[in-house]
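Have a look at entry-v8.txt below; it lists compact mmCIF, N, CA and C atoms.
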```
# COMPACT_ATOMS: atom_id res chain seq x y z
N MET A 1 -2.54 -8.06 26.48
CA MET A 1 -2.09 -6.75 26.07
C MET A 1 -2.04 -6.69 24.55
N LEU A 2 -2.49 -5.58 23.98
CA LEU A 2 -2.47 -5.40 22.53
C LEU A 2 -1.07 -5.08 22.05
N PRO A 3 -0.71 -5.57 20.87
CA PRO A 3 0.59 -5.20 20.31
C PRO A 3 0.61 -3.70 20.01
N THR A 4 1.76 -3.07 20.12
CA THR A 4 1.82 -1.63 19.90
C THR A 4 2.41 -1.27 18.55
N SER A 5 3.03 -2.20 17.86
CA SER A 5 3.69 -1.92 16.59
C SER A 5 3.09 -2.75 15.46
N ILE A 6 3.10 -2.21 14.28
CA ILE A 6 2.55 -2.93 13.14
C ILE A 6 3.62 -3.75 12.41
N ILE A 7 4.83 -3.72 12.89
CA ILE A 7 5.93 -4.34 12.15
C ILE A 7 5.71 -5.83 11.88
N ASN A 8 5.11 -6.56 12.80
CA ASN A 8 4.91 -8.00 12.59
C ASN A 8 3.75 -8.30 11.67
N GLY A 9 2.87 -7.32 11.44
CA GLY A 9 1.70 -7.57 10.61
C GLY A 9 1.80 -7.00 9.21
N MET A 10 2.88 -6.30 8.91
CA MET A 10 2.95 -5.65 7.60
C MET A 10 3.39 -6.62 6.50
N ASN A 11 3.03 -6.27 5.28
CA ASN A 11 3.42 -7.03 4.10
C ASN A 11 4.76 -6.50 3.62
N THR A 12 5.77 -7.35 3.64
CA THR A 12 7.10 -6.93 3.17
C THR A 12 7.37 -7.39 1.73
N LYS A 13 6.42 -8.10 1.15
CA LYS A 13 6.57 -8.58 -0.23
C LYS A 13 5.59 -7.82 -1.13
N PHE A 14 5.68 -6.50 -1.08
CA PHE A 14 4.78 -5.64 -1.83
C PHE A 14 5.27 -5.46 -3.27
N ALA A 15 4.39 -4.98 -4.12
CA ALA A 15 4.74 -4.72 -5.52
C ALA A 15 5.77 -3.60 -5.60
N LEU A 16 6.80 -3.80 -6.40
CA LEU A 16 7.83 -2.77 -6.59
C LEU A 16 7.44 -1.93 -7.81
N ILE A 17 6.86 -0.78 -7.53
CA ILE A 17 6.37 0.11 -8.59
C ILE A 17 7.31 1.30 -8.69
N LYS A 18 7.82 1.53 -9.89
CA LYS A 18 8.72 2.66 -10.14
C LYS A 18 7.98 3.73 -10.93
N PRO A 19 8.34 5.00 -10.77
CA PRO A 19 7.61 6.08 -11.43
C PRO A 19 7.68 6.04 -12.95
N TYR A 20 8.74 5.49 -13.50
CA TYR A 20 8.93 5.48 -14.95
C TYR A 20 8.29 4.26 -15.63
N MET A 21 7.69 3.36 -14.84
CA MET A 21 7.05 2.16 -15.40
C MET A 21 5.79 2.54 -16.17
N PRO A 22 5.51 1.83 -17.26
CA PRO A 22 4.20 2.00 -17.89
C PRO A 22 3.11 1.53 -16.91
N VAL A 23 1.99 2.20 -16.93
CA VAL A 23 0.89 1.85 -16.02
C VAL A 23 0.46 0.41 -16.21
N VAL A 24 0.47 -0.08 -17.44
CA VAL A 24 0.07 -1.47 -17.71
C VAL A 24 0.98 -2.43 -16.93
N GLU A 25 2.26 -2.17 -16.91
CA GLU A 25 3.21 -3.02 -16.18
C GLU A 25 2.98 -2.92 -14.67
N ALA A 26 2.75 -1.71 -14.18
CA ALA A 26 2.50 -1.51 -12.75
C ALA A 26 1.24 -2.25 -12.32
N CYS A 27 0.22 -2.19 -13.14
CA CYS A 27 -1.03 -2.90 -12.86
C CYS A 27 -0.77 -4.41 -12.74
N GLY A 28 0.03 -4.93 -13.62
CA GLY A 28 0.39 -6.35 -13.57
C GLY A 28 1.10 -6.71 -12.28
N GLU A 29 1.97 -5.82 -11.82
CA GLU A 29 2.68 -6.07 -10.56
C GLU A 29 1.72 -6.08 -9.37
N LEU A 30 0.78 -5.14 -9.35
CA LEU A 30 -0.22 -5.11 -8.28
C LEU A 30 -1.04 -6.39 -8.27
N ILE A 31 -1.43 -6.84 -9.45
CA ILE A 31 -2.23 -8.06 -9.55
C ILE A 31 -1.44 -9.28 -9.07
N LYS A 32 -0.17 -9.38 -9.48
CA LYS A 32 0.68 -10.51 -9.05
C LYS A 32 0.79 -10.59 -7.53
N LYS A 33 0.89 -9.43 -6.90
CA LYS A 33 1.05 -9.38 -5.44
C LYS A 33 -0.29 -9.30 -4.71
N GLU A 34 -1.40 -9.35 -5.48
CA GLU A 34 -2.75 -9.27 -4.93
C GLU A 34 -2.93 -8.05 -4.04
N MET A 35 -2.52 -6.89 -4.57
CA MET A 35 -2.62 -5.63 -3.84
C MET A 35 -3.62 -4.70 -4.53
N LEU A 36 -4.38 -3.96 -3.74
CA LEU A 36 -5.33 -2.99 -4.28
C LEU A 36 -4.63 -1.69 -4.67
N GLY A 37 -3.43 -1.51 -4.19
CA GLY A 37 -2.62 -0.34 -4.49
C GLY A 37 -1.26 -0.55 -3.90
N GLY A 38 -0.32 0.31 -4.28
CA GLY A 38 1.01 0.13 -3.76
C GLY A 38 1.85 1.37 -3.82
N PRO A 39 2.93 1.38 -3.05
CA PRO A 39 3.82 2.54 -3.04
C PRO A 39 4.64 2.63 -4.32
N VAL A 40 4.84 3.86 -4.74
CA VAL A 40 5.74 4.13 -5.87
C VAL A 40 7.06 4.56 -5.25
N ILE A 41 8.12 3.85 -5.63
CA ILE A 41 9.43 4.11 -5.03
C ILE A 41 10.45 4.48 -6.10
N ASN A 42 11.44 5.28 -5.71
CA ASN A 42 12.53 5.58 -6.63
C ASN A 42 13.55 4.45 -6.60
N ASP A 43 14.64 4.60 -7.32
CA ASP A 43 15.63 3.53 -7.40
C ASP A 43 16.35 3.27 -6.08
N ASP A 44 16.25 4.21 -5.13
CA ASP A 44 16.83 4.02 -3.80
C ASP A 44 15.83 3.45 -2.80
N GLY A 45 14.60 3.16 -3.26
CA GLY A 45 13.58 2.58 -2.39
C GLY A 45 12.80 3.61 -1.59
N GLU A 46 12.99 4.90 -1.89
CA GLU A 46 12.29 5.94 -1.15
C GLU A 46 10.89 6.17 -1.70
N LEU A 47 9.97 6.47 -0.82
CA LEU A 47 8.58 6.70 -1.17
C LEU A 47 8.43 7.96 -2.01
N MET A 48 7.78 7.83 -3.16
CA MET A 48 7.51 8.97 -4.04
C MET A 48 6.02 9.20 -4.23
N GLY A 49 5.22 8.13 -4.10
CA GLY A 49 3.80 8.28 -4.35
C GLY A 49 3.07 6.97 -4.10
N TRP A 50 1.83 6.93 -4.57
CA TRP A 50 0.98 5.75 -4.40
C TRP A 50 0.15 5.60 -5.65
N ILE A 51 -0.05 4.37 -6.08
CA ILE A 51 -0.91 4.08 -7.23
C ILE A 51 -1.91 3.01 -6.80
N SER A 52 -3.16 3.20 -7.21
CA SER A 52 -4.20 2.25 -6.82
C SER A 52 -4.81 1.61 -8.05
N GLU A 53 -5.60 0.56 -7.80
CA GLU A 53 -6.31 -0.10 -8.90
C GLU A 53 -7.23 0.88 -9.62
N GLN A 54 -7.79 1.84 -8.88
CA GLN A 54 -8.70 2.80 -9.50
C GLN A 54 -8.00 3.61 -10.59
N GLU A 55 -6.82 4.13 -10.29
CA GLU A 55 -6.07 4.87 -11.32
C GLU A 55 -5.68 3.95 -12.46
N CYS A 56 -5.27 2.74 -12.11
CA CYS A 56 -4.90 1.78 -13.15
C CYS A 56 -6.08 1.46 -14.07
N LEU A 57 -7.24 1.28 -13.49
CA LEU A 57 -8.43 0.94 -14.26
C LEU A 57 -8.74 1.99 -15.32
N GLN A 58 -8.63 3.25 -14.93
CA GLN A 58 -8.89 4.33 -15.89
C GLN A 58 -7.95 4.25 -17.09
N VAL A 59 -6.68 4.04 -16.81
CA VAL A 59 -5.68 3.99 -17.89
C VAL A 59 -5.85 2.72 -18.72
N ILE A 60 -6.07 1.59 -18.09
CA ILE A 60 -6.21 0.33 -18.82
C ILE A 60 -7.42 0.37 -19.74
N MET A 61 -8.49 1.02 -19.29
CA MET A 61 -9.66 1.16 -20.16
C MET A 61 -9.30 1.95 -21.42
N GLN A 62 -8.48 2.99 -21.27
CA GLN A 62 -8.04 3.76 -22.44
C GLN A 62 -7.19 2.90 -23.36
N VAL A 63 -6.35 2.07 -22.77
CA VAL A 63 -5.51 1.19 -23.58
C VAL A 63 -6.38 0.24 -24.39
N VAL A 64 -7.37 -0.35 -23.75
CA VAL A 64 -8.24 -1.31 -24.42
C VAL A 64 -9.06 -0.63 -25.52
N TYR A 65 -9.64 0.51 -25.21
CA TYR A 65 -10.51 1.18 -26.19
C TYR A 65 -9.76 1.93 -27.28
N HIS A 66 -8.62 2.54 -26.92
CA HIS A 66 -7.93 3.40 -27.88
C HIS A 66 -6.53 2.93 -28.25
N ASN A 67 -6.11 1.80 -27.66
CA ASN A 67 -4.79 1.24 -27.92
C ASN A 67 -3.68 2.26 -27.65
N GLN A 68 -3.82 3.01 -26.57
CA GLN A 68 -2.81 3.99 -26.18
C GLN A 68 -2.09 3.50 -24.93
N ARG A 69 -0.79 3.32 -25.03
CA ARG A 69 0.02 2.85 -23.90
C ARG A 69 1.04 3.88 -23.48
N VAL A 70 0.67 5.12 -23.44
CA VAL A 70 1.65 6.17 -23.21
C VAL A 70 1.80 6.56 -21.74
N ALA A 71 0.83 6.27 -20.90
CA ALA A 71 0.88 6.72 -19.51
C ALA A 71 1.92 5.94 -18.70
N THR A 72 2.66 6.67 -17.90
CA THR A 72 3.57 6.05 -16.94
C THR A 72 3.00 6.27 -15.54
N VAL A 73 3.54 5.56 -14.60
CA VAL A 73 3.07 5.65 -13.22
C VAL A 73 3.13 7.09 -12.72
N GLN A 74 4.22 7.79 -13.01
CA GLN A 74 4.35 9.16 -12.50
C GLN A 74 3.28 10.10 -13.06
N ASP A 75 2.67 9.74 -14.18
CA ASP A 75 1.60 10.55 -14.75
C ASP A 75 0.32 10.48 -13.93
N ILE A 76 0.11 9.38 -13.22
CA ILE A 76 -1.18 9.19 -12.54
C ILE A 76 -1.07 8.95 -11.03
N MET A 77 0.13 8.78 -10.50
CA MET A 77 0.27 8.45 -9.07
C MET A 77 -0.13 9.63 -8.20
N ARG A 78 -0.57 9.29 -7.01
CA ARG A 78 -0.84 10.31 -5.99
C ARG A 78 0.49 10.63 -5.30
N THR A 79 0.72 11.88 -5.03
CA THR A 79 1.95 12.25 -4.33
C THR A 79 1.69 12.69 -2.90
N ASP A 80 0.43 12.87 -2.53
CA ASP A 80 0.07 13.26 -1.16
C ASP A 80 -0.22 12.01 -0.33
N VAL A 81 0.81 11.22 -0.10
CA VAL A 81 0.67 9.91 0.52
C VAL A 81 0.92 10.00 2.02
N LEU A 82 -0.02 9.45 2.79
CA LEU A 82 0.20 9.31 4.23
C LEU A 82 0.96 8.02 4.45
N SER A 83 2.05 8.11 5.17
CA SER A 83 2.83 6.91 5.47
C SER A 83 2.90 6.73 6.98
N ILE A 84 3.32 5.54 7.38
CA ILE A 84 3.50 5.24 8.80
C ILE A 84 4.89 4.67 9.00
N THR A 85 5.30 4.58 10.25
CA THR A 85 6.60 4.01 10.58
C THR A 85 6.40 2.68 11.29
N PRO A 86 7.42 1.86 11.39
CA PRO A 86 7.29 0.57 12.07
C PRO A 86 6.90 0.71 13.54
N ASN A 87 7.18 1.85 14.13
CA ASN A 87 6.90 2.05 15.55
C ASN A 87 5.56 2.71 15.83
N ASP A 88 4.83 3.07 14.78
CA ASP A 88 3.51 3.66 14.99
C ASP A 88 2.61 2.64 15.67
N GLU A 89 1.74 3.13 16.52
CA GLU A 89 0.87 2.23 17.27
C GLU A 89 -0.21 1.64 16.39
N PHE A 90 -0.32 0.36 16.51
CA PHE A 90 -1.25 -0.47 15.76
C PHE A 90 -2.69 0.02 15.90
N MET A 91 -3.14 0.29 17.12
CA MET A 91 -4.52 0.71 17.34
C MET A 91 -4.78 2.10 16.77
N THR A 92 -3.79 2.95 16.74
CA THR A 92 -3.94 4.28 16.15
C THR A 92 -4.19 4.15 14.65
N ILE A 93 -3.46 3.27 14.00
CA ILE A 93 -3.66 3.02 12.57
C ILE A 93 -5.04 2.43 12.33
N ALA A 94 -5.44 1.49 13.17
CA ALA A 94 -6.78 0.88 13.03
C ALA A 94 -7.86 1.95 13.15
N GLU A 95 -7.71 2.85 14.11
CA GLU A 95 -8.69 3.93 14.28
C GLU A 95 -8.71 4.86 13.07
N GLN A 96 -7.53 5.16 12.52
CA GLN A 96 -7.47 6.01 11.31
C GLN A 96 -8.20 5.36 10.15
N MET A 97 -8.09 4.05 10.05
CA MET A 97 -8.73 3.33 8.95
C MET A 97 -10.25 3.38 9.04
N LEU A 98 -10.78 3.67 10.22
CA LEU A 98 -12.23 3.80 10.39
C LEU A 98 -12.73 5.18 9.94
N GLN A 99 -11.82 6.12 9.82
CA GLN A 99 -12.17 7.47 9.40
C GLN A 99 -12.04 7.56 7.87
N GLN A 100 -12.03 8.76 7.37
CA GLN A 100 -11.87 8.99 5.93
C GLN A 100 -10.39 9.01 5.54
N LYS A 101 -9.60 8.22 6.20
CA LYS A 101 -8.17 8.10 5.90
C LYS A 101 -7.96 6.93 4.96
N PRO A 102 -6.76 6.81 4.38
CA PRO A 102 -6.49 5.66 3.51
C PRO A 102 -6.69 4.34 4.24
N LYS A 103 -6.96 3.33 3.46
CA LYS A 103 -7.14 1.98 3.99
C LYS A 103 -5.88 1.16 3.84
N SER A 104 -4.88 1.71 3.17
CA SER A 104 -3.57 1.08 3.02
C SER A 104 -2.51 2.15 3.23
N TYR A 105 -1.44 1.77 3.90
CA TYR A 105 -0.35 2.71 4.18
C TYR A 105 1.00 2.09 3.85
N PRO A 106 1.88 2.86 3.21
CA PRO A 106 3.26 2.39 3.11
C PRO A 106 3.93 2.59 4.47
N VAL A 107 4.77 1.63 4.83
CA VAL A 107 5.54 1.72 6.07
C VAL A 107 6.95 2.13 5.67
N VAL A 108 7.42 3.25 6.21
CA VAL A 108 8.74 3.77 5.83
C VAL A 108 9.66 3.83 7.04
N ASP A 109 10.96 3.69 6.76
CA ASP A 109 11.95 3.81 7.83
C ASP A 109 12.33 5.28 7.99
N SER A 110 13.32 5.55 8.81
CA SER A 110 13.72 6.94 9.10
C SER A 110 14.31 7.65 7.88
N ASN A 111 14.68 6.91 6.84
CA ASN A 111 15.21 7.50 5.60
C ASN A 111 14.16 7.58 4.51
N ASN A 112 12.89 7.39 4.86
CA ASN A 112 11.76 7.42 3.92
C ASN A 112 11.80 6.27 2.92
N LYS A 113 12.51 5.19 3.27
CA LYS A 113 12.54 4.00 2.41
C LYS A 113 11.37 3.09 2.78
N VAL A 114 10.69 2.60 1.77
CA VAL A 114 9.53 1.74 2.01
C VAL A 114 10.01 0.35 2.42
N ILE A 115 9.52 -0.09 3.59
CA ILE A 115 9.91 -1.41 4.10
C ILE A 115 8.72 -2.36 4.17
N GLY A 116 7.53 -1.85 3.90
CA GLY A 116 6.35 -2.69 3.94
C GLY A 116 5.09 -1.90 3.63
N VAL A 117 3.98 -2.61 3.64
CA VAL A 117 2.66 -2.01 3.42
C VAL A 117 1.71 -2.64 4.43
N VAL A 118 0.85 -1.81 4.99
CA VAL A 118 -0.17 -2.29 5.92
C VAL A 118 -1.53 -1.86 5.38
N ASN A 119 -2.47 -2.80 5.36
CA ASN A 119 -3.83 -2.46 4.95
C ASN A 119 -4.82 -2.99 5.98
N ARG A 120 -6.11 -2.77 5.73
CA ARG A 120 -7.14 -3.20 6.68
C ARG A 120 -7.06 -4.68 6.99
N ARG A 121 -6.81 -5.48 5.99
CA ARG A 121 -6.75 -6.94 6.20
C ARG A 121 -5.63 -7.30 7.18
N HIS A 122 -4.48 -6.64 7.06
CA HIS A 122 -3.38 -6.90 7.99
C HIS A 122 -3.78 -6.54 9.41
N ILE A 123 -4.44 -5.40 9.58
CA ILE A 123 -4.88 -4.97 10.91
C ILE A 123 -5.93 -5.95 11.47
N LEU A 124 -6.88 -6.34 10.63
CA LEU A 124 -7.88 -7.31 11.07
C LEU A 124 -7.23 -8.63 11.49
N ASN A 125 -6.27 -9.07 10.71
CA ASN A 125 -5.57 -10.31 11.04
C ASN A 125 -4.86 -10.20 12.39
N MET A 126 -4.22 -9.07 12.63
CA MET A 126 -3.53 -8.87 13.90
C MET A 126 -4.53 -8.86 15.06
N LEU A 127 -5.67 -8.21 14.85
CA LEU A 127 -6.70 -8.18 15.89
C LEU A 127 -7.26 -9.58 16.17
N LEU A 128 -7.49 -10.35 15.12
CA LEU A 128 -8.00 -11.71 15.30
C LEU A 128 -6.99 -12.61 16.02
N LYS A 129 -5.72 -12.45 15.71
CA LYS A 129 -4.69 -13.22 16.42
C LYS A 129 -4.66 -12.84 17.90
N GLN A 130 -4.78 -11.53 18.15
CA GLN A 130 -4.79 -11.07 19.53
C GLN A 130 -6.00 -11.63 20.28
N LEU A 131 -7.14 -11.63 19.61
CA LEU A 131 -8.36 -12.17 20.21
C LEU A 131 -8.20 -13.66 20.51
N ALA A 132 -7.59 -14.39 19.60
CA ALA A 132 -7.35 -15.82 19.81
C ALA A 132 -6.43 -16.05 21.01
N ASP A 133 -5.40 -15.22 21.15
CA ASP A 133 -4.47 -15.33 22.28
C ASP A 133 -5.19 -15.06 23.60
N VAL A 134 -6.05 -14.07 23.61
CA VAL A 134 -6.79 -13.72 24.81
C VAL A 134 -7.76 -14.84 25.17
N THR A 135 -8.40 -15.42 24.15
CA THR A 135 -9.36 -16.50 24.37
C THR A 135 -8.69 -17.73 24.97
N LYS A 136 -7.45 -18.03 24.55
CA LYS A 136 -6.72 -19.17 25.08
C LYS A 136 -6.42 -19.02 26.56
N GLN A 137 -6.25 -17.78 26.99
CA GLN A 137 -5.91 -17.54 28.40
C GLN A 137 -7.15 -17.60 29.18
```

Can you turn what I pasted into structure tokens?
Amino acid sequence: MLPTSIINGMNTKFALIKPYMPVVEACGELIKKEMLGGPVINDDGELMGWISEQECLQVIMQVVYHNQRVATVQDIMRTDVLSITPNDEFMTIAEQMLQQKPKSYPVVDSNNKVIGVVNRRHILNMLLKQLADVTKQ
């Protein structure tokens, strides 16, 4: 039987990105956590947006070429973020990832607080574990 929840496969050690952070600092946090993007949270841990390496790259290039460090995360973050809950079905998320939907999702609780992040690699890992379990039987 396939698992129905993504809670066991999500990353709970995601980059803590705040809206008031300089983009350069946020980029460093994403790199430390080896994330392609991450949720932007307020001081209460609630989801406010999403920032990706692509947005960071644009700003970092400006910093390198023009020595301008004025952009903050809130200046470039996406605010139209699709999120999921711990109880969302794993296969539904996998199917969404095959469409033109995001490839990474913040996982939020009932208070919109970010408790984890799920991306394609997490879903693939869960599928491979399931396949290994089935093969053993």

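CA of Gly49 (chain A) to atom N of Val108 (chain A) spans 12.2 Å [interatomic distance, one decimal].
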
> Of the candidates A:Gln54, A:Met97, A:Asp133, A:Gln74, which one gets nearest to Arg120 (chain A) if we count all atoms listed in the file?
Replying inline: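 Once distances to Arg120 (chain A) are computed over all atoms listed in the file, the minimum belongs to A:Met97.
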
>> Let me make sure I understand: among A:Ile6, A:Val24, A:Val63, A:Val114, which one has the smallest atom-to-atom distance to Pro39 (chain A) if we use all atoms listed in the file?
In response: A:Val114

>> Let's see if you can do this: from backbone DSSP, list all helix (DSSP H, G or I) residues in chain A, as JSON, numbers by chain.
In response: {"A": [23, 24, 25, 26, 27, 28, 29, 30, 31, 32, 53, 54, 55, 56, 57, 58, 59, 60, 61, 62, 63, 64, 65, 66, 73, 74, 75, 76, 90, 91, 92, 93, 94, 95, 96, 97, 98, 120, 121, 122, 123, 124, 125, 126, 127, 128, 129, 130, 131, 132, 133, 134, 135, 136]}

>> I'd like the contact shell of Asn125 (chain A) - 8 Å cut-off, all atoms listed in the file, skipping same-chain residues fewer than 6 positions apart - returned as number ranges by chain.
In response: A: 9, 119, 131

> as a list in words, which residues of region 2-135 of chain A does DSSP assign to strand (DSSP E)?
Replying inline: Gly37, Gly38, Pro39, Val40, Ile41, Leu47, Met48, Gly49, Trp50, Ile51, Ser52, Ser104, Tyr105, Pro106, Val107, Val108, Val114, Ile115, Gly116, Val117, Val118 and Asn119 of chain A

> Which residue, A:Gly28, A:Gly45, A:Gly38, A:Pro19, has the smallest gap to Pro106 (chain A) when you use only N, CA and C atoms?
Replying inline: A:Gly38

So which residues fall inside 9 Å of (5.2, -7.8, 4.3) if we count only C-alpha atoms? Mind giving them as an mmCIF file with N, CA and C atoms, keeping the file's coordinate frame?
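Writing done, so here's part.cif:
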```
data_model
loop_
_atom_site.group_PDB
_atom_site.id
_atom_site.type_symbol
_atom_site.label_atom_id
_atom_site.label_comp_id
_atom_site.auth_asym_id
_atom_site.auth_seq_id
_atom_site.Cartn_x
_atom_site.Cartn_y
_atom_site.Cartn_z
ATOM 1 N N ILE A 7 4.830 -3.720 12.890
ATOM 2 C CA ILE A 7 5.930 -4.340 12.150
ATOM 3 C C ILE A 7 5.710 -5.830 11.880
ATOM 4 N N ASN A 8 5.110 -6.560 12.800
ATOM 5 C CA ASN A 8 4.910 -8.000 12.590
ATOM 6 C C ASN A 8 3.750 -8.300 11.670
ATOM 7 N N GLY A 9 2.870 -7.320 11.440
ATOM 8 C CA GLY A 9 1.700 -7.570 10.610
ATOM 9 C C GLY A 9 1.800 -7.000 9.210
ATOM 10 N N MET A 10 2.880 -6.300 8.910
ATOM 11 C CA MET A 10 2.950 -5.650 7.600
ATOM 12 C C MET A 10 3.390 -6.620 6.500
ATOM 13 N N ASN A 11 3.030 -6.270 5.280
ATOM 14 C CA ASN A 11 3.420 -7.030 4.100
ATOM 15 C C ASN A 11 4.760 -6.500 3.620
ATOM 16 N N THR A 12 5.770 -7.350 3.640
ATOM 17 C CA THR A 12 7.100 -6.930 3.170
ATOM 18 C C THR A 12 7.370 -7.390 1.730
ATOM 19 N N LYS A 13 6.420 -8.100 1.150
ATOM 20 C CA LYS A 13 6.570 -8.580 -0.230
ATOM 21 C C LYS A 13 5.590 -7.820 -1.130
ATOM 22 N N PHE A 14 5.680 -6.500 -1.080
ATOM 23 C CA PHE A 14 4.780 -5.640 -1.830
ATOM 24 C C PHE A 14 5.270 -5.460 -3.270
ATOM 25 N N ILE A 115 9.520 -0.090 3.590
ATOM 26 C CA ILE A 115 9.910 -1.410 4.100
ATOM 27 C C ILE A 115 8.720 -2.360 4.170
ATOM 28 N N GLY A 116 7.530 -1.850 3.900
ATOM 29 C CA GLY A 116 6.350 -2.690 3.940
ATOM 30 C C GLY A 116 5.090 -1.900 3.630
ATOM 31 N N VAL A 117 3.980 -2.610 3.640
ATOM 32 C CA VAL A 117 2.660 -2.010 3.420
ATOM 33 C C VAL A 117 1.710 -2.640 4.430
ATOM 34 N N VAL A 118 0.850 -1.810 4.990
ATOM 35 C CA VAL A 118 -0.170 -2.290 5.920
ATOM 36 C C VAL A 118 -1.530 -1.860 5.380
#
```

> Separation of atom N of Ala94 (chain A) and atom C of Met35 (chain A), in Å?
Replying inline: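 These atoms are spaced 18.8 Å apart.
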
> Any idea what's packed within 12 Å of Val59 (chain A), counting only C-alpha atoms, ignoring anything in its chain fewer than 2 positions away? Could you give it as a PyMOL selection string?
Replying inline: chain A and resi 22-27+51-57+61-73+75-77

> From the set A:Ile31, A:Gly37, A:Asp80, A:Leu47, which residue has the shortest atom-to-atom contact distance to Lys113 (chain A), counting all atoms listed in the file?
Replying inline: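 Ranked by minimum distance to Lys113 (chain A), first place goes to A:Leu47.
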
> Hey, which of A:Met91, A:Arg121, A:Met126, A:Ala15 ends up closest to Lys33 (chain A)? Count all atoms listed in the file.
Replying inline: A:Ala15

> What separation in Å, quoted to one decimal, exists between atom N of Leu98 (chain A) and CA of Leu124 (chain A)?
Replying inline: 11.4 Å

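Between Lys32 (chain A) and the residues A:Lys136, A:Leu16, A:Leu128, A:Thr85, the shortest atom-to-atom distance, using only C-alpha atoms, involves A:Leu16.
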